[in-house]
Amino acid sequence: MKRLIEKLQSLQNASEPFVSQLAEISVQKTFNKGLLISTPDHSYPELYFIEEGLARGYFIFEGQENTSWILQSGFIFPTTSFFSFTHTNEYVNFLKDSSGYSISLSQWSELAKANPQFLMILLEIYEEHYREITQREQMLRIRHAETRFLYFQDRYPELINLPIHKILASLLAIESKYLFKIKRKYRR
């Protein structure tokens with residue numbers, strides 16, 4: 001729970017009493033490699049926090065998996081919107097055994113009814129998530145594959161050398177064989 005508490009404490013709107021209450025409603029989870037926690041048709045109204053592990057979001061287009069994001073630690077959002085109940089076409093699965101927590105958004109909502117500060121905390125988490133989406137979108141707009149790789153390597157150095165080459169190639173929108181050449185050129 002250490003990383004979850006540290007993450008919550010790092011938020012501007014989360015003082016100690018709020019962090020403690022959120023920790024109380026957090027349920028410890030183990031996510032086995034290959035586990036699929038969300039699909040376009042089904043998603044629990046849970047906010048997940050990965051303490052340690054590896055997860056990814058992807059969608060299927062023309063029969064091919066396209067990676068949207070990769071995460072070793074941090075929040076994973078439900079693929080069904082909690083507020084509008086709309087669905088996305090995203091799947092969320094684990095690439096290795098992982099540990100973390102789930103926080104029921106229904107319970108969080110109940111806390112927010114008693115104190116709106118909980119909504120500010122959730123809004124801050126969503127805002128951070130939106131910034132990450134924007135960064136990935138900007139990365140994908142970089143036309144030159146090698147420059148896109150360097151952009152990603154600069155922001156996520158811990159992910160570059162993981163044994164997930166095909167998934168990384170999909171995330172960076174670079175053909176697998178070309179990504180091998182680029183990685184070899186910039187090996188540290």
# chains A, B, ... in the order shown; residues from 1 in each chain; ligands from 1
$ residues_around --residues "A:Ser10" --least-positions-apart "4" --cutoff "12 Å" --atoms "only C-alpha atoms" --output "list in words"
Arg3, Leu4, Ile5, Glu6, Ala14, Ser15, Glu16, Val19, Ile121, Glu124, Ile125 and Glu128 of chain A
$ write_last_selection --atoms "N, CA and C atoms" --output "compact mmCIF listing (two decimals), in the first residue's frame"
# COMPACT_ATOMS: atom_id res chain seq x y z
N ARG A 3 3.06 2.54 -2.16
CA ARG A 3 3.04 3.38 -3.37
C ARG A 3 1.70 4.08 -3.55
N LEU A 4 0.61 3.40 -3.23
CA LEU A 4 -0.71 4.02 -3.34
C LEU A 4 -0.81 5.22 -2.40
N ILE A 5 -0.38 5.04 -1.17
CA ILE A 5 -0.43 6.14 -0.20
C ILE A 5 0.48 7.28 -0.64
N GLU A 6 1.68 6.95 -1.10
CA GLU A 6 2.59 8.00 -1.59
C GLU A 6 1.98 8.76 -2.75
N ALA A 14 -5.22 16.16 -1.48
CA ALA A 14 -5.36 15.00 -0.59
C ALA A 14 -4.54 15.17 0.68
N SER A 15 -5.19 15.63 1.73
CA SER A 15 -4.52 15.71 3.03
C SER A 15 -4.67 14.37 3.75
N GLU A 16 -3.98 14.22 4.85
CA GLU A 16 -3.89 12.95 5.57
C GLU A 16 -5.24 12.29 5.87
N VAL A 19 -6.55 10.73 2.64
CA VAL A 19 -5.71 9.60 2.22
C VAL A 19 -6.04 8.38 3.07
N ILE A 121 -10.09 15.31 -5.26
CA ILE A 121 -9.01 14.33 -5.35
C ILE A 121 -9.19 13.48 -6.62
N GLU A 124 -8.44 15.44 -9.68
CA GLU A 124 -7.00 15.60 -9.86
C GLU A 124 -6.38 14.34 -10.47
N ILE A 125 -6.85 13.17 -10.05
CA ILE A 125 -6.36 11.91 -10.62
C ILE A 125 -6.76 11.81 -12.09
N GLU A 128 -4.61 14.19 -14.18
CA GLU A 128 -3.28 13.62 -14.42
C GLU A 128 -3.33 12.57 -15.52
$ residues_around --residues "stretch 86-98 of chain A" --least-positions-apart "6" --cutoff "7 Å" --atoms "only C-alpha atoms" --output "number ranges by chain"
A: 30-40, 52-59, 79-80
$ closest_residue --among "A:Lys177, A:His42, A:Lys166, A:Lys183" --to "A:Phe152" --atoms "only C-alpha atoms"
A:Lys183
$ select_by_dssp --residues "chain A" --states "helix (DSSP H, G or I)" --output "MDAnalysis selection string"
chainID A and resid 2:9 16:24 105:114 117:140 145:155 157:160 165:172 176:185
$ closest_residue --among "A:Tyr186, A:Gln9, A:Phe118, A:Ile174" --to "A:Pro157" --atoms "only C-alpha atoms"
A:Tyr186
$ closest_residue --among "A:Tyr156, A:Phe149, A:Tyr101, A:Phe75" --to "A:Tyr126" --atoms "only C-alpha atoms"
A:Phe75
$ closest_residue --among "A:Met1, A:His144, A:Leu11, A:Ile164" --to "A:Gln117" --atoms "only C-alpha atoms"
A:Leu11
$ atom_distance --atom1 "atom CA of A:Arg187" --atom2 "atom CA of A:Leu171"
19.0 Å
$ atom_distance --atom1 "atom CA of A:Glu46" --atom2 "atom CA of A:Pro78"
6.1 Å
$ decode --residues "stretch 61-168 of chain A" --atoms "C-alpha atoms" --output "PDB file, in the first residue's frame"
ATOM      1  CA  PHE A  61      -8.692  -2.814 -35.275  1.00  0.00           C
ATOM      2  CA  GLU A  62      -8.974  -4.953 -38.390  1.00  0.00           C
ATOM      3  CA  GLY A  63      -8.194  -8.042 -36.317  1.00  0.00           C
ATOM      4  CA  GLN A  64      -4.952  -6.634 -34.925  1.00  0.00           C
ATOM      5  CA  GLU A  65      -4.196  -5.600 -31.336  1.00  0.00           C
ATOM      6  CA  ASN A  66      -3.046  -1.983 -31.050  1.00  0.00           C
ATOM      7  CA  THR A  67      -1.490  -0.956 -27.742  1.00  0.00           C
ATOM      8  CA  SER A  68      -2.780   2.305 -26.248  1.00  0.00           C
ATOM      9  CA  TRP A  69      -0.663   2.407 -23.094  1.00  0.00           C
ATOM     10  CA  ILE A  70       1.708   0.419 -20.882  1.00  0.00           C
ATOM     11  CA  LEU A  71       1.971   0.885 -17.127  1.00  0.00           C
ATOM     12  CA  GLN A  72       4.246  -0.512 -14.411  1.00  0.00           C
ATOM     13  CA  SER A  73       2.780   1.498 -11.544  1.00  0.00           C
ATOM     14  CA  GLY A  74      -0.137   3.888 -11.296  1.00  0.00           C
ATOM     15  CA  PHE A  75      -3.868   4.199 -11.790  1.00  0.00           C
ATOM     16  CA  ILE A  76      -5.916   2.205 -14.291  1.00  0.00           C
ATOM     17  CA  PHE A  77      -9.333   3.569 -15.115  1.00  0.00           C
ATOM     18  CA  PRO A  78     -12.431   1.530 -15.945  1.00  0.00           C
ATOM     19  CA  THR A  79     -13.183   1.227 -19.655  1.00  0.00           C
ATOM     20  CA  THR A  80     -16.833   2.057 -18.988  1.00  0.00           C
ATOM     21  CA  SER A  81     -17.318   5.619 -17.881  1.00  0.00           C
ATOM     22  CA  PHE A  82     -18.546   5.732 -14.292  1.00  0.00           C
ATOM     23  CA  PHE A  83     -20.466   8.957 -14.785  1.00  0.00           C
ATOM     24  CA  SER A  84     -21.961   8.623 -18.281  1.00  0.00           C
ATOM     25  CA  PHE A  85     -21.936   4.807 -18.577  1.00  0.00           C
ATOM     26  CA  THR A  86     -20.440   5.007 -22.067  1.00  0.00           C
ATOM     27  CA  HIS A  87     -18.144   2.261 -23.311  1.00  0.00           C
ATOM     28  CA  THR A  88     -14.826   2.409 -25.108  1.00  0.00           C
ATOM     29  CA  ASN A  89     -13.269  -0.224 -27.337  1.00  0.00           C
ATOM     30  CA  GLU A  90     -10.378  -0.799 -24.915  1.00  0.00           C
ATOM     31  CA  TYR A  91      -9.202  -4.007 -23.279  1.00  0.00           C
ATOM     32  CA  VAL A  92      -7.003  -3.962 -20.159  1.00  0.00           C
ATOM     33  CA  ASN A  93      -4.792  -6.924 -19.314  1.00  0.00           C
ATOM     34  CA  PHE A  94      -1.680  -7.787 -17.338  1.00  0.00           C
ATOM     35  CA  LEU A  95       1.598  -8.684 -19.004  1.00  0.00           C
ATOM     36  CA  LYS A  96       3.121 -10.140 -15.838  1.00  0.00           C
ATOM     37  CA  ASP A  97       1.988 -11.034 -12.338  1.00  0.00           C
ATOM     38  CA  SER A  98       1.168  -7.742 -10.645  1.00  0.00           C
ATOM     39  CA  SER A  99      -0.003  -6.442  -7.304  1.00  0.00           C
ATOM     40  CA  GLY A 100      -2.137  -3.476  -6.435  1.00  0.00           C
ATOM     41  CA  TYR A 101      -5.490  -2.261  -5.187  1.00  0.00           C
ATOM     42  CA  SER A 102      -8.990  -1.579  -6.375  1.00  0.00           C
ATOM     43  CA  ILE A 103     -11.109   1.276  -5.123  1.00  0.00           C
ATOM     44  CA  SER A 104     -14.842   1.131  -5.730  1.00  0.00           C
ATOM     45  CA  LEU A 105     -15.979   4.299  -7.465  1.00  0.00           C
ATOM     46  CA  SER A 106     -19.382   3.810  -5.820  1.00  0.00           C
ATOM     47  CA  GLN A 107     -17.735   3.929  -2.383  1.00  0.00           C
ATOM     48  CA  TRP A 108     -15.648   6.908  -3.460  1.00  0.00           C
ATOM     49  CA  SER A 109     -18.858   8.621  -4.583  1.00  0.00           C
ATOM     50  CA  GLU A 110     -20.409   8.003  -1.155  1.00  0.00           C
ATOM     51  CA  LEU A 111     -17.391   9.618   0.523  1.00  0.00           C
ATOM     52  CA  ALA A 112     -17.763  12.565  -1.859  1.00  0.00           C
ATOM     53  CA  LYS A 113     -21.389  13.057  -0.831  1.00  0.00           C
ATOM     54  CA  ALA A 114     -20.185  13.576   2.736  1.00  0.00           C
ATOM     55  CA  ASN A 115     -17.232  15.744   1.728  1.00  0.00           C
ATOM     56  CA  PRO A 116     -16.760  17.237  -1.776  1.00  0.00           C
ATOM     57  CA  GLN A 117     -12.986  17.269  -1.231  1.00  0.00           C
ATOM     58  CA  PHE A 118     -13.036  13.617  -2.351  1.00  0.00           C
ATOM     59  CA  LEU A 119     -14.329  14.794  -5.726  1.00  0.00           C
ATOM     60  CA  MET A 120     -11.416  17.210  -5.976  1.00  0.00           C
ATOM     61  CA  ILE A 121      -9.009  14.325  -5.355  1.00  0.00           C
ATOM     62  CA  LEU A 122     -10.689  12.178  -8.003  1.00  0.00           C
ATOM     63  CA  LEU A 123     -10.724  15.103 -10.420  1.00  0.00           C
ATOM     64  CA  GLU A 124      -6.999  15.600  -9.862  1.00  0.00           C
ATOM     65  CA  ILE A 125      -6.356  11.906 -10.620  1.00  0.00           C
ATOM     66  CA  TYR A 126      -8.451  12.142 -13.792  1.00  0.00           C
ATOM     67  CA  GLU A 127      -6.656  15.343 -14.783  1.00  0.00           C
ATOM     68  CA  GLU A 128      -3.275  13.623 -14.420  1.00  0.00           C
ATOM     69  CA  HIS A 129      -4.576  10.719 -16.497  1.00  0.00           C
ATOM     70  CA  TYR A 130      -5.704  13.159 -19.183  1.00  0.00           C
ATOM     71  CA  ARG A 131      -2.214  14.723 -19.279  1.00  0.00           C
ATOM     72  CA  GLU A 132      -0.713  11.263 -19.842  1.00  0.00           C
ATOM     73  CA  ILE A 133      -3.149  10.628 -22.705  1.00  0.00           C
ATOM     74  CA  THR A 134      -2.211  13.980 -24.237  1.00  0.00           C
ATOM     75  CA  GLN A 135       1.504  13.130 -24.025  1.00  0.00           C
ATOM     76  CA  ARG A 136       0.935   9.796 -25.789  1.00  0.00           C
ATOM     77  CA  GLU A 137      -1.147  11.514 -28.451  1.00  0.00           C
ATOM     78  CA  GLN A 138       1.597  14.075 -29.021  1.00  0.00           C
ATOM     79  CA  MET A 139       4.165  11.293 -29.262  1.00  0.00           C
ATOM     80  CA  LEU A 140       2.148   9.558 -31.967  1.00  0.00           C
ATOM     81  CA  ARG A 141       2.021  12.781 -33.980  1.00  0.00           C
ATOM     82  CA  ILE A 142       5.821  12.815 -34.268  1.00  0.00           C
ATOM     83  CA  ARG A 143       6.308  11.736 -37.868  1.00  0.00           C
ATOM     84  CA  HIS A 144       9.801  10.259 -37.743  1.00  0.00           C
ATOM     85  CA  ALA A 145       9.853   6.845 -36.009  1.00  0.00           C
ATOM     86  CA  GLU A 146      13.333   7.293 -34.553  1.00  0.00           C
ATOM     87  CA  THR A 147      12.398  10.662 -33.023  1.00  0.00           C
ATOM     88  CA  ARG A 148       9.190   9.103 -31.646  1.00  0.00           C
ATOM     89  CA  PHE A 149      11.285   6.349 -30.040  1.00  0.00           C
ATOM     90  CA  LEU A 150      13.632   8.915 -28.457  1.00  0.00           C
ATOM     91  CA  TYR A 151      10.658  10.911 -27.140  1.00  0.00           C
ATOM     92  CA  PHE A 152       9.267   7.767 -25.499  1.00  0.00           C
ATOM     93  CA  GLN A 153      12.673   6.683 -24.178  1.00  0.00           C
ATOM     94  CA  ASP A 154      13.166  10.086 -22.573  1.00  0.00           C
ATOM     95  CA  ARG A 155       9.810   9.952 -20.774  1.00  0.00           C
ATOM     96  CA  TYR A 156       9.625   6.225 -19.952  1.00  0.00           C
ATOM     97  CA  PRO A 157      13.196   4.863 -19.791  1.00  0.00           C
ATOM     98  CA  GLU A 158      12.100   1.997 -17.525  1.00  0.00           C
ATOM     99  CA  LEU A 159       9.843   0.575 -20.264  1.00  0.00           C
ATOM    100  CA  ILE A 160      12.273   0.556 -23.194  1.00  0.00           C
ATOM    101  CA  ASN A 161      14.154  -2.647 -22.339  1.00  0.00           C
ATOM    102  CA  LEU A 162      11.293  -4.747 -21.012  1.00  0.00           C
ATOM    103  CA  PRO A 163      10.745  -8.036 -22.867  1.00  0.00           C
ATOM    104  CA  ILE A 164       7.625  -6.685 -24.593  1.00  0.00           C
ATOM    105  CA  HIS A 165       9.081  -5.759 -27.956  1.00  0.00           C
ATOM    106  CA  LYS A 166       5.950  -6.344 -30.085  1.00  0.00           C
ATOM    107  CA  ILE A 167       3.775  -4.467 -27.608  1.00  0.00           C
ATOM    108  CA  LEU A 168       6.214  -1.567 -27.477  1.00  0.00           C
TER     109      LEU A 168
END
